[in-house]
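Source file: protein26.cif. Holds: mmCIF, C-alpha atoms.
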```cif
data_input
loop_
_atom_site.label_atom_id
_atom_site.label_comp_id
_atom_site.auth_asym_id
_atom_site.auth_seq_id
_atom_site.Cartn_x
_atom_site.Cartn_y
_atom_site.Cartn_z
CA ARG A 698 53.67 14.60 48.35
CA GLU A 699 56.92 16.31 49.29
CA SER A 700 60.30 15.13 47.99
CA ASN A 701 63.93 16.09 48.42
CA ALA A 702 63.54 18.96 45.96
CA TRP A 703 59.87 20.02 46.18
CA ARG A 704 57.26 20.92 48.75
CA LEU A 705 53.65 22.08 48.92
CA TRP A 706 53.02 25.70 49.85
CA ALA A 707 49.64 26.20 51.51
CA ASP A 708 48.74 29.54 53.05
CA GLN A 709 44.94 29.71 52.63
CA TYR A 710 45.17 32.11 49.68
CA GLN A 711 47.11 34.72 51.64
CA LEU A 712 50.04 35.01 49.23
CA SER A 713 47.91 35.19 46.07
CA ASP A 714 44.13 35.08 46.18
CA THR A 715 43.93 33.89 42.54
CA TYR A 716 46.14 30.82 43.07
CA PRO A 717 45.00 27.42 44.38
CA PHE A 718 44.88 26.57 48.07
CA GLU A 719 48.23 24.83 47.73
CA TYR A 720 50.86 24.49 45.01
CA VAL A 721 54.34 23.11 44.42
CA VAL A 722 57.49 25.18 44.98
CA PRO A 723 61.19 24.29 45.43
CA LYS A 724 61.92 22.90 48.88
CA LEU A 725 65.10 24.96 49.25
CA ILE A 726 63.37 28.33 48.81
CA LYS A 727 62.55 30.12 52.07
CA ASP A 728 59.05 31.31 52.89
CA SER A 729 60.30 34.89 53.09
CA ALA A 730 61.79 34.57 49.60
CA LEU A 731 58.48 33.32 48.24
CA GLU A 732 56.75 36.36 49.69
CA GLU A 733 59.33 38.67 48.12
CA ALA A 734 59.06 36.91 44.77
CA ALA A 735 55.27 37.30 44.85
CA LYS A 736 55.63 41.07 45.30
CA TYR A 737 57.59 41.21 42.04
CA ARG A 738 54.82 39.59 39.99
CA SER A 739 51.51 41.03 38.80
CA LYS A 740 48.59 39.94 41.02
CA ARG A 741 51.29 38.35 43.21
CA ARG A 742 51.20 35.30 40.93
CA LEU A 743 54.73 34.06 41.51
CA PRO A 744 56.34 31.25 39.44
CA VAL A 745 55.00 27.86 40.57
CA ALA A 746 55.57 24.33 39.29
CA VAL A 747 52.84 22.87 37.06
CA TRP A 748 54.33 19.67 35.67
CA ARG A 749 57.58 17.68 35.78
CA SER A 750 58.96 15.42 33.05
CA LYS A 751 59.58 11.94 34.39
CA ARG A 752 62.22 11.35 31.72
CA THR A 753 64.29 14.54 31.93
CA GLY A 754 63.23 16.04 35.25
CA ALA A 755 62.54 19.39 33.54
CA ILE A 756 59.94 21.61 35.20
CA LEU A 757 57.06 23.44 33.55
CA CYS A 758 56.11 26.45 35.64
CA ARG A 759 53.78 29.41 35.18
CA SER A 760 53.39 32.91 36.58
CA SER A 761 52.26 36.41 35.71
CA GLN A 762 54.45 39.15 34.23
CA PRO A 763 57.16 40.76 36.38
CA LEU A 764 56.78 44.28 37.74
CA ALA A 765 59.91 45.46 35.94
CA GLY A 766 58.72 48.86 34.69
CA LEU A 767 60.67 51.27 32.52
CA SER A 768 63.68 51.07 34.83
CA GLN A 769 63.76 47.27 34.37
CA LYS A 770 63.70 46.55 38.09
CA SER A 771 64.74 43.09 39.22
CA SER A 772 64.17 40.88 42.25
CA ARG A 773 66.78 38.65 43.83
CA ALA A 774 64.07 36.44 45.29
CA ASP A 775 62.50 35.97 41.85
CA GLN A 776 65.92 35.20 40.37
CA ALA A 777 66.64 32.63 43.09
CA LEU A 778 63.25 30.98 42.62
CA LEU A 779 63.60 30.69 38.84
CA ASP A 780 67.15 29.39 39.21
CA LEU A 781 65.84 26.57 41.38
CA TYR A 782 63.35 25.66 38.67
CA ARG A 783 66.18 25.77 36.13
CA THR A 784 68.30 23.39 38.21
CA GLN A 785 65.30 21.19 39.05
CA GLY A 786 65.38 22.14 42.71
CA TYR A 787 69.09 21.61 43.31
CA VAL A 788 71.66 24.19 44.40
CA LYS A 789 74.74 22.58 45.92
CA SER A 790 74.06 19.07 44.70
CA LYS A 791 76.11 17.92 41.72
CA ALA A 792 73.41 15.45 40.75
CA LEU A 793 73.83 14.37 37.18
CA VAL A 794 70.92 13.70 34.87
CA ALA A 795 70.89 12.14 31.41
CA ALA A 796 70.39 14.76 28.69
CA PRO A 797 70.91 15.05 24.93
CA ALA A 798 74.56 15.85 24.31
CA SER A 799 73.79 18.28 21.48
CA THR A 800 71.76 20.52 23.78
CA TYR A 801 74.70 21.50 25.95
CA SER A 802 77.56 21.45 23.48
CA ASN A 803 78.34 25.15 23.86
CA ASN A 804 78.14 27.60 26.74
CA LYS A 805 77.69 30.82 24.80
CA PRO A 806 75.22 33.36 26.29
CA HIS A 807 71.67 32.86 25.12
CA GLN A 808 70.17 35.61 22.99
CA THR A 809 66.68 37.06 23.15
CA ASP A 810 64.59 36.24 20.10
CA SER A 811 61.15 37.54 19.17
CA THR A 812 60.18 34.48 17.13
CA LEU A 813 59.39 30.94 18.14
CA SER A 814 61.80 28.25 17.13
CA PRO A 815 60.04 25.66 14.94
CA PRO A 816 59.46 22.15 16.31
CA LEU A 817 61.79 19.36 15.33
CA SER A 818 61.75 19.02 11.56
CA THR A 819 60.14 15.91 10.12
CA LYS A 820 62.57 16.11 7.22
CA ASN A 821 65.45 15.32 9.54
CA THR A 822 63.79 12.56 11.52
CA HIS A 823 66.78 10.22 11.49
CA HIS A 824 69.10 12.90 12.90
CA ASN A 825 66.54 13.91 15.56
CA ARG A 826 66.08 10.32 16.71
CA SER A 827 69.82 9.79 16.80
CA SER A 828 70.40 12.93 18.87
CA ARG A 829 67.86 11.73 21.42
CA ARG A 830 69.62 8.40 21.72
CA VAL A 831 73.05 9.97 22.27
CA HIS A 832 73.14 10.86 25.97
CA ARG A 833 75.79 11.86 28.42
CA ARG A 834 75.76 12.75 32.09
CA ILE A 835 75.16 16.49 32.39
CA SER A 836 74.85 18.49 35.59
CA VAL A 837 71.43 20.06 36.02
CA LEU A 838 73.28 23.18 37.16
CA ASP A 839 74.32 23.84 33.54
CA ARG A 840 70.87 23.62 31.99
CA PRO A 841 69.09 26.63 30.50
CA LEU A 842 65.80 28.20 31.54
CA HIS A 843 63.41 29.08 28.72
CA ILE A 844 61.08 32.00 29.49
CA VAL A 845 58.08 31.91 27.16
CA ASP A 846 56.08 35.15 27.02
CA CYS A 847 52.75 34.38 25.35
CA ARG A 848 52.32 38.01 24.28
CA GLY A 849 53.85 39.76 21.34
CA ARG A 850 56.97 41.85 21.83
CA THR A 851 55.07 45.12 21.31
CA ALA A 852 52.42 44.24 23.88
CA ALA A 853 55.03 43.17 26.41
CA LEU A 854 57.07 46.35 25.97
CA ALA A 855 53.93 48.49 26.27
CA ASN A 856 53.37 47.05 29.73
CA HIS A 857 56.70 48.49 30.88
CA ALA A 858 55.08 51.94 30.84
CA GLN A 859 52.54 50.62 33.36
CA GLY A 860 55.23 49.39 35.72
CA LYS A 861 55.09 45.81 34.42
CA GLY A 862 56.67 44.19 31.34
CA THR A 863 58.86 41.15 30.89
CA GLU A 864 62.09 39.70 32.22
CA SER A 865 65.56 40.93 31.35
CA VAL A 866 67.35 37.68 30.48
CA GLY A 867 70.62 39.13 31.72
CA ASP A 868 69.21 38.94 35.26
CA TYR A 869 68.68 35.18 35.06
CA LYS A 870 71.35 32.53 34.63
CA ASN A 871 71.33 30.67 31.29
CA ALA A 872 67.97 32.19 30.36
CA THR A 873 66.31 32.65 26.98
CA LEU A 874 63.20 34.67 26.14
CA LYS A 875 60.61 33.95 23.45
CA TYR A 876 57.54 35.95 22.42
CA CYS A 877 54.56 33.99 21.07
CA ASP A 878 52.28 36.80 19.83
CA ILE A 879 49.10 35.14 21.13
CA GLY A 880 46.09 37.45 21.43
CA ASN A 881 44.72 38.44 24.84
CA ILE A 882 41.40 37.27 26.27
CA HIS A 883 39.49 40.14 24.67
CA THR A 884 40.90 39.36 21.23
CA MET A 885 40.05 35.69 21.68
CA ARG A 886 36.50 36.47 22.76
CA GLU A 887 35.89 38.73 19.77
CA SER A 888 37.33 36.12 17.43
CA GLN A 889 35.18 33.37 18.95
CA GLN A 890 32.05 35.50 18.62
CA ALA A 891 32.86 36.22 14.98
CA LEU A 892 33.39 32.49 14.42
CA VAL A 893 29.99 31.64 15.93
CA GLU A 894 28.25 34.28 13.84
CA THR A 895 30.00 33.15 10.66
CA LEU A 896 29.12 29.49 11.12
CA ALA A 897 25.53 30.35 12.03
CA LEU A 898 25.14 32.55 8.97
CA PHE A 899 26.57 30.02 6.53
CA GLY A 900 24.69 27.21 8.26
CA GLU A 901 21.43 28.95 7.39
CA LYS A 902 22.57 29.57 3.81
CA SER A 903 23.56 25.94 3.27
CA CYS A 904 20.16 24.73 4.51
CA THR A 905 18.32 26.93 1.98
CA ASP A 906 20.58 26.09 -0.94
CA GLU A 907 18.83 22.80 -1.82
CA ASP A 908 21.70 20.56 -0.72
CA SER A 909 24.35 22.38 -2.75
CA GLU A 910 27.06 19.87 -1.83
CA LYS A 911 24.99 16.93 -3.13
CA LEU A 912 24.25 18.93 -6.27
CA LEU A 913 27.92 19.66 -6.80
CA LEU A 914 28.86 16.00 -6.31
CA HIS A 915 26.06 14.80 -8.63
CA ALA A 916 27.05 17.30 -11.32
CA ASN A 917 30.69 16.24 -11.15
CA ILE A 918 29.70 12.58 -11.58
CA GLU A 919 27.59 13.43 -14.60
CA THR A 920 30.21 15.60 -16.30
CA CYS A 921 33.14 13.27 -15.57
CA GLY A 922 31.47 9.87 -15.74
CA GLY A 923 30.39 10.00 -19.36
CA GLY A 924 28.49 6.76 -19.90
CA SER A 925 26.27 5.91 -22.88
CA SER A 926 24.70 9.38 -23.20
CA SER A 927 25.26 11.35 -26.37
CA ALA A 928 27.69 14.27 -26.44
CA ALA A 929 24.91 16.74 -27.12
CA HIS A 930 22.80 15.49 -24.22
CA SER A 931 25.84 15.54 -21.92
CA SER A 932 26.67 19.10 -22.98
CA SER A 933 23.12 20.18 -22.27
CA ARG A 934 23.20 18.75 -18.75
CA THR A 935 26.59 20.33 -18.09
CA SER A 936 25.47 23.79 -19.13
CA SER A 937 22.32 23.62 -16.99
CA ALA A 938 24.27 22.44 -13.93
CA ALA A 939 27.09 24.99 -14.30
CA PRO A 940 25.32 27.99 -12.66
CA LYS A 941 24.33 25.85 -9.65
CA ILE A 942 27.85 24.45 -9.35
CA LYS A 943 29.25 27.97 -9.43
CA ALA A 944 26.80 29.05 -6.74
CA ALA A 945 27.84 26.17 -4.47
CA SER A 946 31.52 26.87 -5.12
CA THR A 947 31.03 30.57 -4.38
CA LEU A 948 29.30 29.74 -1.10
CA SER A 949 32.21 27.50 -0.09
CA ASP A 950 34.81 30.10 -1.04
CA SER A 951 32.89 32.76 0.84
CA LEU A 952 32.72 30.57 3.95
CA LEU A 953 36.47 29.97 3.91
CA SER A 954 37.15 33.66 3.36
CA ASN A 955 34.90 34.69 6.25
CA LEU A 956 36.33 31.95 8.47
CA GLU A 957 39.83 33.26 7.86
CA ALA A 958 38.66 36.79 8.63
CA THR A 959 37.60 35.76 12.15
CA GLY A 960 41.26 35.09 12.99
CA TRP A 961 40.26 31.93 14.89
CA LEU A 962 42.49 29.57 12.94
CA LYS A 963 45.47 31.90 13.37
CA HIS A 964 44.91 31.95 17.14
CA LEU A 965 44.84 28.16 17.23
CA LEU A 966 48.04 28.02 15.18
CA LEU A 967 49.90 30.37 17.55
CA ILE A 968 48.80 28.43 20.65
CA LEU A 969 49.79 25.11 19.07
CA ARG A 970 53.14 26.56 18.02
CA ALA A 971 53.84 27.85 21.53
CA ALA A 972 52.86 24.54 23.15
CA THR A 973 55.06 22.47 20.83
CA HIS A 974 57.94 24.88 21.49
CA VAL A 975 57.60 24.37 25.24
CA ALA A 976 57.10 20.61 24.90
CA ASP A 977 60.26 20.32 22.80
CA ARG A 978 62.35 22.18 25.38
CA LEU A 979 61.01 20.14 28.29
CA GLU A 980 61.19 16.67 26.76
CA ASN A 981 63.88 16.80 24.09
CA GLN A 982 66.25 19.32 25.68
CA GLY A 983 65.56 18.55 29.34
CA ALA A 984 65.28 22.29 30.05
CA SER A 985 62.76 23.88 32.41
CA CYS A 986 60.33 26.50 31.08
CA LEU A 987 58.46 29.44 32.59
CA VAL A 988 55.27 30.40 30.76
CA HIS A 989 53.44 33.67 31.39
CA CYS A 990 51.46 36.42 29.69
CA SER A 991 50.16 39.51 31.49
CA ASP A 992 48.33 38.18 34.55
CA GLY A 993 48.98 34.54 33.71
CA TRP A 994 45.43 33.23 33.55
CA ASP A 995 44.29 32.98 29.92
CA ARG A 996 47.05 32.47 27.34
CA THR A 997 49.29 30.98 30.01
CA ALA A 998 46.69 28.36 30.94
CA GLN A 999 46.08 27.52 27.27
CA VAL A 1000 49.75 26.90 26.52
CA CYS A 1001 50.50 25.02 29.75
CA ALA A 1002 47.44 22.78 29.46
CA LEU A 1003 48.12 21.93 25.83
CA THR A 1004 51.79 21.21 26.63
CA GLN A 1005 50.71 18.73 29.30
CA ILE A 1006 48.28 17.08 26.88
CA LEU A 1007 51.09 16.71 24.34
CA LEU A 1008 53.58 15.21 26.79
CA ASP A 1009 51.60 13.27 29.36
CA PRO A 1010 49.13 10.47 28.45
CA TYR A 1011 47.30 11.01 31.75
CA TYR A 1012 46.05 14.41 30.58
CA ARG A 1013 44.57 12.73 27.51
CA THR A 1014 42.17 10.76 29.69
CA ILE A 1015 38.73 11.95 30.82
CA GLN A 1016 39.97 12.29 34.39
CA GLY A 1017 43.21 14.02 33.44
CA ILE A 1018 41.72 16.53 31.04
CA GLY A 1019 39.28 17.60 33.75
CA ILE A 1020 42.08 18.73 36.08
#
```

Now that the file is in, can you turn its structure into structure tokens?
Amino acid sequence: RESNAWRLWADQYQLSDTYPFEYVVPKLIKDSALEEAAKYRSKRRLPVAVWRSKRTGAILCRSSQPLAGLSQKSSRADQALLDLYRTQGYVKSKALVAAPASTYSNNKPHQTDSTLSPPLSTKNTHHNRSSRRVHRRISVLDRPLHIVDCRGRTAALANHAQGKGTESVGDYKNATLKYCDIGNIHTMRESQQALVETLALFGEKSCTDEDSEKLLLHANIETCGGGSSSAAHSSSRTSSAAPKIKAASTLSDSLLSNLEATGWLKHLLLILRAATHVADRLENQGASCLVHCSDGWDRTAQVCALTQILLDPYYRTIQGIGI
């Protein structure tokens, strides 16, 4: 449903054949500007709105990488579109929205950083809660735009040689840029395959090891429980169980070592870290975010979907998670 700031764009897949039939864009952007902005993005996947915070009004949007190239080309249409997401669809309006005072206390230019800022610290919970309670009326026109590149800096810069790359924050008002260092779809697939093979291998080993976990638990009870048995008898049982305990422990250590070698847990960590970074900016800072990777359809989808699950109870339902 259209509103004062947003509208549905539906062109029967003419603008981008890998986007849905219709999607949400700012109402104030002209059709011609949308077409120009699409030309500046890989696969013509221009920035589109994915989710809006009911509390702060901040917009989560996604796209593919810009076609900047080595000369760092820019697009006025792309800049205008992203600025509308930054200002939540407003241009001339001086609409004021409640926002944490600490977020907008200084107007210094934002710097590009290659590392993700950590989520709100649990050690400073009282301060964090207090900062959320302290609000003042802030114009949406002054809010920042956080560009989150799911790739690593090296991968993003390498794409410049192919006529692609990432945004130059100087071309966008109040913009920041973060690299997340998440692996591409090929890296993920290889890691997943290694994970499957590792679990299958150790699953077979554990089945032929005569219930090694039960043996380890039983041996620990015997050696630690004591009871009425004599010291000599206890020592004898301990020495006979020791080789089997060592074998079970070695199997466990080997499983953990091989699991780490797949890289799967590291990939999950990086995706979780990126999603919490975006969620924090949207909900606690009231700032809109653009998420993209190369073509915007693997890492981008992972981070955007997880962000929505973190922030919106609807996406934690069976119906919501299926969207």

Query raised in the report: Expanded to explicit residues, what is the PyMOL selection byres ((chain A and resi 730) around 9) for this file, as a ChimeraX atom specification?
Result: /A:726-729,731-735,773-775,777-778

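Residue nearest Thr873 (chain A), chosen from A:Ile1006, A:Cys847, A:Cys986, A:Leu838 and counting only C-alpha atoms: A:Cys986.
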
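Here the PyMOL selection byres ((chain A and resi 854-858) around 10) catches exactly these residues: Gln762, Pro763, Leu764, Ala765, Gly766, Leu767, Ser768, Gln769, Arg848, Gly849, Arg850, Thr851, Ala852, Ala853, Gln859, Gly860, Lys861, Gly862, Thr863 and Ser991 of chain A.
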
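Neighbours of region 965-967 of chain A closer than or equal to 8 Å, with all atoms listed in the file counted and sequence neighbours fewer than 6 positions away skipped, come out as Cys877, Asp878 and Ile879 of chain A.
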
Requested in this report: Choose the residue, out of A:Arg840, A:Lys751, A:Lys740, A:His964, that has the smallest atom-to-atom separation from Ser888 (chain A); count all atoms listed in the file.
Outcome: A:His964

Query - Ground truth for the PyMOL selection byres ((chain A and resi 725) around 12), written as a PyMOL selection string - result: chain A and resi 699-705+721-724+726-731+777-782+784-790

Create the file for the chosen residues now, containing C-alpha atoms and written as a PDB file, in the frame of the given file.
```pdb
ATOM      1  CA  GLU A 699      56.920  16.310  49.290  1.00  0.00           C
ATOM      2  CA  SER A 700      60.300  15.130  47.990  1.00  0.00           C
ATOM      3  CA  ASN A 701      63.930  16.090  48.420  1.00  0.00           C
ATOM      4  CA  ALA A 702      63.540  18.960  45.960  1.00  0.00           C
ATOM      5  CA  TRP A 703      59.870  20.020  46.180  1.00  0.00           C
ATOM      6  CA  ARG A 704      57.260  20.920  48.750  1.00  0.00           C
ATOM      7  CA  LEU A 705      53.650  22.080  48.920  1.00  0.00           C
ATOM      8  CA  VAL A 721      54.340  23.110  44.420  1.00  0.00           C
ATOM      9  CA  VAL A 722      57.490  25.180  44.980  1.00  0.00           C
ATOM     10  CA  PRO A 723      61.190  24.290  45.430  1.00  0.00           C
ATOM     11  CA  LYS A 724      61.920  22.900  48.880  1.00  0.00           C
ATOM     12  CA  ILE A 726      63.370  28.330  48.810  1.00  0.00           C
ATOM     13  CA  LYS A 727      62.550  30.120  52.070  1.00  0.00           C
ATOM     14  CA  ASP A 728      59.050  31.310  52.890  1.00  0.00           C
ATOM     15  CA  SER A 729      60.300  34.890  53.090  1.00  0.00           C
ATOM     16  CA  ALA A 730      61.790  34.570  49.600  1.00  0.00           C
ATOM     17  CA  LEU A 731      58.480  33.320  48.240  1.00  0.00           C
ATOM     18  CA  ALA A 777      66.640  32.630  43.090  1.00  0.00           C
ATOM     19  CA  LEU A 778      63.250  30.980  42.620  1.00  0.00           C
ATOM     20  CA  LEU A 779      63.600  30.690  38.840  1.00  0.00           C
ATOM     21  CA  ASP A 780      67.150  29.390  39.210  1.00  0.00           C
ATOM     22  CA  LEU A 781      65.840  26.570  41.380  1.00  0.00           C
ATOM     23  CA  TYR A 782      63.350  25.660  38.670  1.00  0.00           C
ATOM     24  CA  THR A 784      68.300  23.390  38.210  1.00  0.00           C
ATOM     25  CA  GLN A 785      65.300  21.190  39.050  1.00  0.00           C
ATOM     26  CA  GLY A 786      65.380  22.140  42.710  1.00  0.00           C
ATOM     27  CA  TYR A 787      69.090  21.610  43.310  1.00  0.00           C
ATOM     28  CA  VAL A 788      71.660  24.190  44.400  1.00  0.00           C
ATOM     29  CA  LYS A 789      74.740  22.580  45.920  1.00  0.00           C
ATOM     30  CA  SER A 790      74.060  19.070  44.700  1.00  0.00           C
TER      31      SER A 790
END
```

Query - Between CA of Arg742 (chain A) and CA of Tyr716 (chain A) - distance in Å to one decimal - result: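 CA of Arg742 (chain A) lies at a distance of 7.1 Å from CA of Tyr716 (chain A).
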
**Report entry** CA of Gln709 (chain A) to CA of Ala1002 (chain A), straight-line distance in Å
**Finding:** 24.3 Å

**Report entry** CA of Ile1015 (chain A) to CA of Thr997 (chain A), straight-line distance in Å
**Finding:** 21.8 Å

Query - Counting all atoms listed in the file, the residue of A:Trp994, A:Leu757, A:Tyr720, A:Leu712 that sits nearest Arg741 (chain A) - result: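 Answer, going by the shortest atom-to-atom distance: A:Leu712.
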
Query raised in the report: With all atoms listed in the file as the atoms that count, which of A:Arg978, A:Arg752, A:Leu892, A:Gln999 lies nearest to Thr959 (chain A)?
Result: A:Leu892
